[in-house]
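Novice: Sharing a structure below in C-alpha cells format, with a few things to ask.
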2 protein chains.
Amino acid sequence: MKFSTRSRYGTRAMLDLALHDNSSPVRLKDLARRQGVSVKYLEQIIPALKNAGFIRSIRGINGGYTLAKGAGEIRLLDIVEALEGSLSPVDCVDMPKWCPRSGECATHEVWRDVRKAIDDVLGGTTLADLAERQRALSEPR
Amino acid sequence: MKFSTRSRYGTRAMLDLALHDNSSPVRLKDLARRQGVSVKYLEQIIPALKNAGFIRSIRGINGGYTLAKGAGEIRLLDIVEALEGSLSPVDCVDMPKWCPRSGECATHEVWRDVRKAIDDVLGGTTLADLAERQRALSEPR
DNA sequence: AATAATTCCTAGTAATTATATAGGATTATT
DNA sequence: AATAATCCTATATAATTACTAGGAATTATT
Ligand code: FES
Ligand code: FES
C-alpha cells in the first residue's frame, strides 16, 4: 500500500514543470538535478505523462518539456493514476467480476469507500493548487 | 497501491470469526473452506492477527480461533495495518527525516492528506460494523 | 554540412516483495 | 495411544520495482 517511486518522482516532476511554466522548456537534465533523480530514470517515467496528455516535449537542442494544458486543469488523481495505474486498493473495486462473490461481500464495500476517499483528496487537488502550496512553503517569511 | 492478499484474506478471516463469534472456536479448516483460501496460507497470515491481540487460539483437538475482544473494539484500520504495515502512501509521512527536504515539499502535504483520508474510513469502521453490513447483504429479502 | 545537445526507444538486471507450499513439531482431547 | 488441531521454519516461484545502458532520432547552431 505504497505509491511507487514513479508516482513520487513523476508528481514532483509535474510540480517542477508547473513552477517553471512561463519560461522556456525545462530540460530533463535540469529537472533531474533539482529533484535529485537520475535523468535515465526520469526518461522512463516521462512517457506516461506525455501519453496522458499532461506535457508536451520539444526535441533536439534547446528542447525540453512544458505543460500541455493549464495547471488548474490537471488533477493530482490523473497524474498518479497515469503513473501508478488504478488506485483501487483491491481489483474487484474496478472489476466486480474479479471476485466471484463481490455482490455479497461486505469488505468489498469498505474497499470501495477507501477508493472514494483517495479519489476525493487527489481528485480535489489540481497541479495549480500544488504549485501554490509549494510557493507558500518556499516563501521567505 | 494495492492491498496485499494478506490484508484481503486476513480481513475476511476476521469477519468470518466475528460472524461465528458466539459459538465454539472456528477451525482454520472451516474458515479456509468458507473463504476459498488454503489452510497453509492462512496459517501464515493468522499469527499477525494473534500477535496484534485480535484473536485467541485454542490448540489441540477441538481447537480453533475466537475473537480476543469485542468486534466493536477492533477497527479495520488496526487489522489492515497489522497485516500490511503502515498505510502511509509514502514513507516520509511516517518518518519525515526519510526525505531530506520534507519540510519544504508540497507533495508531502498531499500524501499526508491521503493517509488521513484512509485513516478516517478504516479507523471509523469496526469489525462489528463490517459484520452488520455482511448480515444485511446475506439476509434474504 | 558538421556538431552538439537534447528527447526517444528498447532492452537488461539486480533486489525485493508477494504468494504461496511443504514438512514436521507441539498441544490437547478422547 | 491415536487423533486432530495449532504452531514453527524453511523453501520455491513468480511478479514487481527501481533502476542502468546503449544507441537512434531530432533539431538549433555554427
Ligand atoms: S468482492 Fe473482492 S474482496 Fe470481496
Ligand atoms: S518529503 Fe517525501 S515526498 Fe517530498
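Please note that chains go A, B, ... in the order of the C-alpha cells, that every chain numbers its residues from 1, and that ligands are numbered from 1 in the order shown.
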Pairing the C-alpha atoms in order across the whole chain, superpose chain A onto chain B by least squares and write the result as a PDB file with C-alpha atoms, in the first residue's frame.
Specialist:
```
ATOM      1  CA  MET A   1      -1.100   0.967  -4.424  1.00  0.00           C
ATOM      2  CA  LYS A   2      -2.909  -2.286  -3.809  1.00  0.00           C
ATOM      3  CA  PHE A   3      -3.628  -4.118  -0.623  1.00  0.00           C
ATOM      4  CA  SER A   4      -1.858  -7.458  -0.490  1.00  0.00           C
ATOM      5  CA  THR A   5      -3.795 -10.694  -0.358  1.00  0.00           C
ATOM      6  CA  ARG A   6      -2.706 -10.886   3.257  1.00  0.00           C
ATOM      7  CA  SER A   7      -4.906  -7.910   3.995  1.00  0.00           C
ATOM      8  CA  ARG A   8      -7.821  -9.137   1.936  1.00  0.00           C
ATOM      9  CA  TYR A   9      -7.772 -12.669   3.245  1.00  0.00           C
ATOM     10  CA  GLY A  10      -6.963 -11.594   6.779  1.00  0.00           C
ATOM     11  CA  THR A  11      -9.799  -9.103   6.898  1.00  0.00           C
ATOM     12  CA  ARG A  12     -12.224 -11.697   5.610  1.00  0.00           C
ATOM     13  CA  ALA A  13     -10.900 -14.146   8.173  1.00  0.00           C
ATOM     14  CA  MET A  14     -11.623 -11.648  10.920  1.00  0.00           C
ATOM     15  CA  LEU A  15     -15.090 -11.104   9.524  1.00  0.00           C
ATOM     16  CA  ASP A  16     -15.659 -14.845   9.483  1.00  0.00           C
ATOM     17  CA  LEU A  17     -14.656 -15.075  13.118  1.00  0.00           C
ATOM     18  CA  ALA A  18     -16.931 -12.207  14.023  1.00  0.00           C
ATOM     19  CA  LEU A  19     -19.877 -13.856  12.332  1.00  0.00           C
ATOM     20  CA  HIS A  20     -19.241 -17.127  14.184  1.00  0.00           C
ATOM     21  CA  ASP A  21     -18.393 -15.509  17.451  1.00  0.00           C
ATOM     22  CA  ASN A  22     -20.817 -16.871  20.017  1.00  0.00           C
ATOM     23  CA  SER A  23     -20.276 -20.539  19.137  1.00  0.00           C
ATOM     24  CA  SER A  24     -17.298 -22.862  19.536  1.00  0.00           C
ATOM     25  CA  PRO A  25     -13.852 -21.891  18.233  1.00  0.00           C
ATOM     26  CA  VAL A  26     -13.534 -21.748  14.472  1.00  0.00           C
ATOM     27  CA  ARG A  27     -11.189 -24.267  12.931  1.00  0.00           C
ATOM     28  CA  LEU A  28      -8.820 -22.949  10.289  1.00  0.00           C
ATOM     29  CA  LYS A  29      -9.982 -25.764   8.048  1.00  0.00           C
ATOM     30  CA  ASP A  30     -13.552 -24.492   8.091  1.00  0.00           C
ATOM     31  CA  LEU A  31     -12.543 -20.882   7.763  1.00  0.00           C
ATOM     32  CA  ALA A  32     -10.341 -21.716   4.807  1.00  0.00           C
ATOM     33  CA  ARG A  33     -13.091 -23.662   3.072  1.00  0.00           C
ATOM     34  CA  ARG A  34     -15.651 -20.912   3.540  1.00  0.00           C
ATOM     35  CA  GLN A  35     -13.286 -18.218   2.320  1.00  0.00           C
ATOM     36  CA  GLY A  36     -11.725 -20.196  -0.488  1.00  0.00           C
ATOM     37  CA  VAL A  37      -8.166 -19.899   0.763  1.00  0.00           C
ATOM     38  CA  SER A  38      -5.648 -22.640   1.539  1.00  0.00           C
ATOM     39  CA  VAL A  39      -5.157 -23.594   5.162  1.00  0.00           C
ATOM     40  CA  LYS A  40      -1.421 -23.309   4.711  1.00  0.00           C
ATOM     41  CA  TYR A  41      -1.588 -19.743   3.555  1.00  0.00           C
ATOM     42  CA  LEU A  42      -3.981 -18.746   6.312  1.00  0.00           C
ATOM     43  CA  GLU A  43      -1.623 -20.322   8.813  1.00  0.00           C
ATOM     44  CA  GLN A  44       0.920 -17.789   7.732  1.00  0.00           C
ATOM     45  CA  ILE A  45      -1.418 -14.827   7.969  1.00  0.00           C
ATOM     46  CA  ILE A  46      -3.054 -15.639  11.280  1.00  0.00           C
ATOM     47  CA  PRO A  47      -0.041 -15.030  13.561  1.00  0.00           C
ATOM     48  CA  ALA A  48      -0.060 -11.325  12.740  1.00  0.00           C
ATOM     49  CA  LEU A  49      -3.630 -11.102  13.930  1.00  0.00           C
ATOM     50  CA  LYS A  50      -2.815 -13.035  17.056  1.00  0.00           C
ATOM     51  CA  ASN A  51       0.242 -10.962  17.904  1.00  0.00           C
ATOM     52  CA  ALA A  52      -1.853  -7.851  17.501  1.00  0.00           C
ATOM     53  CA  GLY A  53      -4.195  -9.190  20.162  1.00  0.00           C
ATOM     54  CA  PHE A  54      -7.290  -9.484  17.988  1.00  0.00           C
ATOM     55  CA  ILE A  55      -7.752 -13.232  18.206  1.00  0.00           C
ATOM     56  CA  ARG A  56      -7.073 -16.027  20.654  1.00  0.00           C
ATOM     57  CA  SER A  57      -6.143 -19.568  19.684  1.00  0.00           C
ATOM     58  CA  ILE A  58      -7.000 -22.884  21.276  1.00  0.00           C
ATOM     59  CA  ARG A  59      -4.565 -25.634  20.452  1.00  0.00           C
ATOM     60  CA  GLY A  60      -5.023 -29.379  20.152  1.00  0.00           C
ATOM     61  CA  ILE A  61      -8.063 -31.291  19.048  1.00  0.00           C
ATOM     62  CA  ASN A  62     -11.276 -29.292  18.985  1.00  0.00           C
ATOM     63  CA  GLY A  63      -9.110 -26.219  18.885  1.00  0.00           C
ATOM     64  CA  GLY A  64      -9.504 -23.161  16.702  1.00  0.00           C
ATOM     65  CA  TYR A  65      -9.739 -19.406  16.909  1.00  0.00           C
ATOM     66  CA  THR A  66     -12.023 -16.892  18.540  1.00  0.00           C
ATOM     67  CA  LEU A  67     -12.025 -13.129  18.799  1.00  0.00           C
ATOM     68  CA  ALA A  68      -9.977 -11.908  21.730  1.00  0.00           C
ATOM     69  CA  LYS A  69     -12.146  -8.850  22.281  1.00  0.00           C
ATOM     70  CA  GLY A  70     -15.444  -7.394  21.210  1.00  0.00           C
ATOM     71  CA  ALA A  71     -15.931  -6.884  17.495  1.00  0.00           C
ATOM     72  CA  GLY A  72     -16.867  -3.304  18.265  1.00  0.00           C
ATOM     73  CA  GLU A  73     -13.442  -2.662  19.703  1.00  0.00           C
ATOM     74  CA  ILE A  74     -11.513  -3.760  16.647  1.00  0.00           C
ATOM     75  CA  ARG A  75     -11.140  -1.179  13.889  1.00  0.00           C
ATOM     76  CA  LEU A  76     -10.518  -2.206  10.318  1.00  0.00           C
ATOM     77  CA  LEU A  77      -7.597   0.189  10.320  1.00  0.00           C
ATOM     78  CA  ASP A  78      -5.921  -1.857  13.038  1.00  0.00           C
ATOM     79  CA  ILE A  79      -6.520  -5.108  11.199  1.00  0.00           C
ATOM     80  CA  VAL A  80      -5.154  -3.893   7.909  1.00  0.00           C
ATOM     81  CA  GLU A  81      -2.151  -2.220   9.493  1.00  0.00           C
ATOM     82  CA  ALA A  82      -1.335  -5.400  11.389  1.00  0.00           C
ATOM     83  CA  LEU A  83      -1.326  -7.295   8.107  1.00  0.00           C
ATOM     84  CA  GLU A  84      -0.016  -4.684   5.725  1.00  0.00           C
ATOM     85  CA  GLY A  85       2.180  -2.392   7.744  1.00  0.00           C
ATOM     86  CA  SER A  86       1.666   1.350   7.713  1.00  0.00           C
ATOM     87  CA  LEU A  87      -0.890   2.640   5.250  1.00  0.00           C
ATOM     88  CA  SER A  88       1.040   5.787   4.481  1.00  0.00           C
ATOM     89  CA  PRO A  89       1.373   6.074   0.718  1.00  0.00           C
ATOM     90  CA  VAL A  90       4.962   7.260   1.102  1.00  0.00           C
ATOM     91  CA  ASP A  91       7.459   6.588   3.869  1.00  0.00           C
ATOM     92  CA  CYS A  92       8.113  10.199   4.710  1.00  0.00           C
ATOM     93  CA  VAL A  93       4.594  10.586   6.086  1.00  0.00           C
ATOM     94  CA  ASP A  94       5.610   8.361   8.969  1.00  0.00           C
ATOM     95  CA  MET A  95       9.263   9.382   9.045  1.00  0.00           C
ATOM     96  CA  PRO A  96       9.771  12.951   7.873  1.00  0.00           C
ATOM     97  CA  LYS A  97      13.531  12.509   8.020  1.00  0.00           C
ATOM     98  CA  TRP A  98      13.235   9.862   5.304  1.00  0.00           C
ATOM     99  CA  CYS A  99      13.021  12.586   2.666  1.00  0.00           C
ATOM    100  CA  PRO A 100      15.743  15.159   3.086  1.00  0.00           C
ATOM    101  CA  ARG A 101      13.547  18.057   2.038  1.00  0.00           C
ATOM    102  CA  SER A 102      10.300  17.031   3.743  1.00  0.00           C
ATOM    103  CA  GLY A 103       9.889  20.398   5.417  1.00  0.00           C
ATOM    104  CA  GLU A 104       9.695  22.220   2.128  1.00  0.00           C
ATOM    105  CA  CYS A 105       7.916  19.637  -0.018  1.00  0.00           C
ATOM    106  CA  ALA A 106       4.367  20.403  -1.081  1.00  0.00           C
ATOM    107  CA  THR A 107       3.660  16.890  -2.279  1.00  0.00           C
ATOM    108  CA  HIS A 108       4.424  15.696   1.226  1.00  0.00           C
ATOM    109  CA  GLU A 109       1.346  17.522   2.459  1.00  0.00           C
ATOM    110  CA  VAL A 110      -0.826  15.863  -0.125  1.00  0.00           C
ATOM    111  CA  TRP A 111       0.441  12.400   0.733  1.00  0.00           C
ATOM    112  CA  ARG A 112      -0.327  13.201   4.358  1.00  0.00           C
ATOM    113  CA  ASP A 113      -3.870  14.129   3.356  1.00  0.00           C
ATOM    114  CA  VAL A 114      -4.252  10.831   1.514  1.00  0.00           C
ATOM    115  CA  ARG A 115      -3.111   8.958   4.551  1.00  0.00           C
ATOM    116  CA  LYS A 116      -5.607  10.820   6.690  1.00  0.00           C
ATOM    117  CA  ALA A 117      -8.466  10.055   4.338  1.00  0.00           C
ATOM    118  CA  ILE A 118      -7.694   6.351   4.493  1.00  0.00           C
ATOM    119  CA  ASP A 119      -7.398   6.533   8.258  1.00  0.00           C
ATOM    120  CA  ASP A 120     -10.793   8.156   8.515  1.00  0.00           C
ATOM    121  CA  VAL A 121     -12.555   5.457   6.529  1.00  0.00           C
ATOM    122  CA  LEU A 122     -10.823   2.455   8.027  1.00  0.00           C
ATOM    123  CA  GLY A 123     -10.519   3.949  11.487  1.00  0.00           C
ATOM    124  CA  GLY A 124     -14.209   4.750  11.537  1.00  0.00           C
ATOM    125  CA  THR A 125     -15.312   1.218  10.788  1.00  0.00           C
ATOM    126  CA  THR A 126     -15.181  -1.553  13.354  1.00  0.00           C
ATOM    127  CA  LEU A 127     -15.398  -5.256  12.815  1.00  0.00           C
ATOM    128  CA  ALA A 128     -18.890  -5.083  14.315  1.00  0.00           C
ATOM    129  CA  ASP A 129     -19.910  -2.597  11.635  1.00  0.00           C
ATOM    130  CA  LEU A 130     -18.512  -4.889   8.993  1.00  0.00           C
ATOM    131  CA  ALA A 131     -20.337  -7.917  10.386  1.00  0.00           C
ATOM    132  CA  GLU A 132     -23.569  -5.972  10.414  1.00  0.00           C
ATOM    133  CA  ARG A 133     -23.113  -4.987   6.798  1.00  0.00           C
ATOM    134  CA  GLN A 134     -22.427  -8.588   5.926  1.00  0.00           C
ATOM    135  CA  ARG A 135     -25.600  -9.776   7.653  1.00  0.00           C
ATOM    136  CA  ALA A 136     -27.579  -7.178   5.758  1.00  0.00           C
ATOM    137  CA  LEU A 137     -26.090  -8.375   2.493  1.00  0.00           C
ATOM    138  CA  SER A 138     -26.731 -12.053   3.184  1.00  0.00           C
ATOM    139  CA  GLU A 139     -30.241 -11.493   4.494  1.00  0.00           C
ATOM    140  CA  PRO A 140     -32.980 -12.956   2.278  1.00  0.00           C
ATOM    141  CA  ARG A 141     -35.424 -10.244   1.312  1.00  0.00           C
TER     142      ARG A 141
END
```
Novice: Tell me, which residues of range 35-123 of chain A carry DSSP strand (DSSP E), written as an MDAnalysis selection string?
Specialist: chainID A and resid 55:58 64:67
Novice: Could you please take those selected residues and save C-alpha atoms as an mmCIF file, in the first residue's frame?
Specialist:
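Writing the result to again-v8.cif gives the following:
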```cif
data_model
loop_
_atom_site.group_PDB
_atom_site.id
_atom_site.type_symbol
_atom_site.label_atom_id
_atom_site.label_comp_id
_atom_site.auth_asym_id
_atom_site.auth_seq_id
_atom_site.Cartn_x
_atom_site.Cartn_y
_atom_site.Cartn_z
ATOM 1 C CA ILE A 55 3.047 17.530 -21.009
ATOM 2 C CA ARG A 56 4.452 18.374 -24.412
ATOM 3 C CA SER A 57 8.020 17.715 -25.499
ATOM 4 C CA ILE A 58 10.329 19.672 -27.758
ATOM 5 C CA GLY A 64 12.686 20.093 -23.118
ATOM 6 C CA TYR A 65 9.235 19.782 -21.638
ATOM 7 C CA THR A 66 6.351 22.094 -20.908
ATOM 8 C CA LEU A 67 2.860 21.593 -19.568
#
```
Novice: Do you know which residues are at most 10 Å from DC8 in chain D counting only C-alpha atoms (C1' of nucleotides), after dropping those on the same chain fewer than 3 positions away, and could you put them as a short mmCIF file (atom, residue, chain, number, x, y, z; two decimals) with all heavy atoms, in the first residue's frame?
Specialist:
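What ended up in around-v6.cif:
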```cif
data_model
loop_
_atom_site.label_atom_id
_atom_site.label_comp_id
_atom_site.auth_asym_id
_atom_site.auth_seq_id
_atom_site.Cartn_x
_atom_site.Cartn_y
_atom_site.Cartn_z
N GLN B 44 -0.16 -18.80 7.80
CA GLN B 44 0.93 -17.83 7.79
C GLN B 44 0.44 -16.41 8.04
O GLN B 44 1.20 -15.54 8.45
CB GLN B 44 1.60 -17.90 6.43
CG GLN B 44 2.96 -17.28 6.40
CD GLN B 44 3.56 -17.34 5.01
OE1 GLN B 44 3.02 -18.04 4.15
NE2 GLN B 44 4.62 -16.62 4.80
P DG C 24 8.78 -34.79 7.07
OP1 DG C 24 10.02 -35.56 6.88
OP2 DG C 24 7.48 -35.39 6.72
"O5'" DG C 24 8.74 -34.33 8.58
"C5'" DG C 24 9.74 -33.41 9.02
"C4'" DG C 24 9.19 -32.55 10.12
"O4'" DG C 24 8.02 -31.84 9.67
"C3'" DG C 24 8.75 -33.33 11.38
"O3'" DG C 24 9.38 -32.74 12.48
"C2'" DG C 24 7.24 -33.09 11.41
"C1'" DG C 24 7.19 -31.71 10.79
N9 DG C 24 5.86 -31.23 10.42
C8 DG C 24 4.97 -31.80 9.55
N7 DG C 24 3.85 -31.12 9.44
C5 DG C 24 4.01 -30.05 10.30
C6 DG C 24 3.15 -28.98 10.62
O6 DG C 24 2.02 -28.76 10.19
N1 DG C 24 3.72 -28.10 11.54
C2 DG C 24 4.97 -28.25 12.08
N2 DG C 24 5.37 -27.32 12.95
N3 DG C 24 5.80 -29.24 11.79
C4 DG C 24 5.26 -30.10 10.90
P DA C 25 9.72 -33.64 13.74
OP1 DA C 25 11.16 -33.93 13.68
OP2 DA C 25 8.74 -34.74 13.86
"O5'" DA C 25 9.47 -32.62 14.95
"C5'" DA C 25 9.97 -31.28 14.82
"C4'" DA C 25 9.17 -30.35 15.71
"O4'" DA C 25 7.92 -30.02 15.07
"C3'" DA C 25 8.83 -30.94 17.07
"O3'" DA C 25 9.09 -29.96 18.07
"C2'" DA C 25 7.35 -31.27 16.98
"C1'" DA C 25 6.85 -30.22 15.98
N9 DA C 25 5.69 -30.64 15.20
C8 DA C 25 5.58 -31.73 14.38
N7 DA C 25 4.41 -31.84 13.78
C5 DA C 25 3.70 -30.74 14.25
C6 DA C 25 2.39 -30.29 13.98
N6 DA C 25 1.54 -30.92 13.16
N1 DA C 25 1.98 -29.17 14.60
C2 DA C 25 2.83 -28.54 15.43
N3 DA C 25 4.09 -28.87 15.75
C4 DA C 25 4.47 -29.99 15.12
P DT C 26 8.88 -30.38 19.61
OP1 DT C 26 9.87 -29.58 20.38
OP2 DT C 26 8.83 -31.86 19.74
"O5'" DT C 26 7.44 -29.81 19.92
"C5'" DT C 26 7.19 -28.41 19.77
"C4'" DT C 26 5.72 -28.15 20.06
"O4'" DT C 26 4.90 -28.76 19.06
"C3'" DT C 26 5.25 -28.70 21.41
"O3'" DT C 26 4.74 -27.60 22.16
"C2'" DT C 26 4.15 -29.71 21.05
"C1'" DT C 26 3.71 -29.23 19.67
N1 DT C 26 3.12 -30.24 18.75
C2 DT C 26 1.83 -30.05 18.30
O2 DT C 26 1.15 -29.11 18.61
N3 DT C 26 1.38 -31.03 17.44
C4 DT C 26 2.07 -32.14 17.01
O4 DT C 26 1.56 -32.95 16.24
C5 DT C 26 3.41 -32.29 17.52
C7 DT C 26 4.25 -33.46 17.12
C6 DT C 26 3.87 -31.33 18.36
#
```
Novice: What residues in chain D lie within 9 Å of chain B, counting only C-alpha atoms (C1' of nucleotides), written as an NGL selection string?
Specialist: :D and (3-7)
Novice: May I have a table of the residues of chain C lying at most 6 Å from chain A, giving each one's closest pair of atoms and their distance in Å to one decimal, counting only C-alpha atoms (C1' of nucleotides), ordered by chain and ascending residue number, as CSV?
Specialist:
```
residue,atom,partner,partner_atom,distance
C:DA5,C1',A:Ile61,CA,4.7
C:DT6,C1',A:Gly60,CA,4.6
C:DT7,C1',A:Arg59,CA,5.0
```
Novice: Can you pull out every residue within 9 Å of range 8-13 of chain C, counting only C-alpha atoms (C1' of nucleotides), but drop anything in the same chain fewer than 5 positions away, and send it as a list in words?
Specialist: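 Everything that qualifies: Glu43 and Arg59 of chain A; DC19, DT20, DA21, DA24 and DA25 of chain D.
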Novice: Taking only range 10-40 of chain A into account, list the residues labelled helix (DSSP H, G or I) by DSSP (computed from the backbone), as a PyMOL selection string.
Specialist: chain A and resi 10-19+28-35+39-40
Novice: Could you dump the residues just selected with N, CA, C and O atoms as a CSV table (one decimal), in the first residue's frame?
Specialist:
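In the end it all went to selection-v3.csv:
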```
chain,number,residue,atom,x,y,z
A,10,GLY,N,7.4,11.3,-10.5
A,10,GLY,CA,6.6,11.9,-11.5
A,10,GLY,C,5.7,13.1,-11.1
A,10,GLY,O,5.6,14.1,-11.8
A,11,THR,N,5.2,13.0,-9.9
A,11,THR,CA,4.4,14.1,-9.4
A,11,THR,C,5.3,15.3,-9.1
A,11,THR,O,4.9,16.4,-9.5
A,12,ARG,N,6.5,15.0,-8.6
A,12,ARG,CA,7.4,16.1,-8.3
A,12,ARG,C,7.9,16.7,-9.7
A,12,ARG,O,8.1,17.9,-9.8
A,13,ALA,N,8.0,15.9,-10.7
A,13,ALA,CA,8.4,16.4,-12.0
A,13,ALA,C,7.3,17.3,-12.5
A,13,ALA,O,7.6,18.4,-13.1
A,14,MET,N,6.1,16.9,-12.4
A,14,MET,CA,5.0,17.8,-12.8
A,14,MET,C,5.0,19.1,-12.1
A,14,MET,O,4.7,20.2,-12.6
A,15,LEU,N,5.2,19.0,-10.8
A,15,LEU,CA,5.2,20.2,-10.0
A,15,LEU,C,6.4,21.1,-10.5
A,15,LEU,O,6.2,22.3,-10.6
A,16,ASP,N,7.5,20.5,-10.7
A,16,ASP,CA,8.6,21.3,-11.2
A,16,ASP,C,8.3,22.0,-12.5
A,16,ASP,O,8.6,23.2,-12.7
A,17,LEU,N,7.6,21.3,-13.4
A,17,LEU,CA,7.2,21.9,-14.7
A,17,LEU,C,6.2,23.1,-14.4
A,17,LEU,O,6.3,24.1,-15.1
A,18,ALA,N,5.3,22.9,-13.5
A,18,ALA,CA,4.3,23.9,-13.2
A,18,ALA,C,5.0,25.1,-12.7
A,18,ALA,O,4.6,26.3,-13.0
A,19,LEU,N,6.0,25.0,-11.9
A,19,LEU,CA,6.7,26.1,-11.3
A,19,LEU,C,7.5,26.9,-12.3
A,19,LEU,O,7.8,28.1,-12.1
A,28,LEU,N,15.3,17.9,-19.1
A,28,LEU,CA,15.3,16.8,-18.2
A,28,LEU,C,16.5,16.9,-17.3
A,28,LEU,O,16.4,16.6,-16.1
A,29,LYS,N,17.6,17.3,-17.8
A,29,LYS,CA,18.8,17.4,-17.1
A,29,LYS,C,18.7,18.3,-15.8
A,29,LYS,O,19.1,18.0,-14.7
A,30,ASP,N,18.0,19.5,-16.1
A,30,ASP,CA,17.8,20.4,-15.0
A,30,ASP,C,16.8,19.9,-14.0
A,30,ASP,O,17.0,20.0,-12.8
A,31,LEU,N,15.7,19.3,-14.6
A,31,LEU,CA,14.7,18.8,-13.7
A,31,LEU,C,15.3,17.7,-12.8
A,31,LEU,O,15.0,17.7,-11.6
A,32,ALA,N,16.1,16.8,-13.4
A,32,ALA,CA,16.7,15.7,-12.6
A,32,ALA,C,17.6,16.3,-11.5
A,32,ALA,O,17.5,15.8,-10.4
A,33,ARG,N,18.4,17.3,-11.8
A,33,ARG,CA,19.3,17.8,-10.9
A,33,ARG,C,18.5,18.4,-9.7
A,33,ARG,O,18.7,18.2,-8.5
A,34,ARG,N,17.5,19.2,-10.0
A,34,ARG,CA,16.7,19.9,-9.0
A,34,ARG,C,16.0,18.8,-8.1
A,34,ARG,O,15.9,19.0,-6.9
A,35,GLN,N,15.5,17.8,-8.7
A,35,GLN,CA,14.7,16.8,-7.9
A,35,GLN,C,15.6,15.7,-7.4
A,35,GLN,O,15.1,14.8,-6.7
A,39,VAL,N,18.6,11.2,-14.7
A,39,VAL,CA,18.0,11.5,-16.0
A,39,VAL,C,17.4,10.3,-16.6
A,39,VAL,O,16.3,10.2,-17.1
A,40,LYS,N,18.2,9.2,-16.5
A,40,LYS,CA,17.8,8.0,-17.1
A,40,LYS,C,16.5,7.4,-16.6
A,40,LYS,O,15.7,6.8,-17.3
```
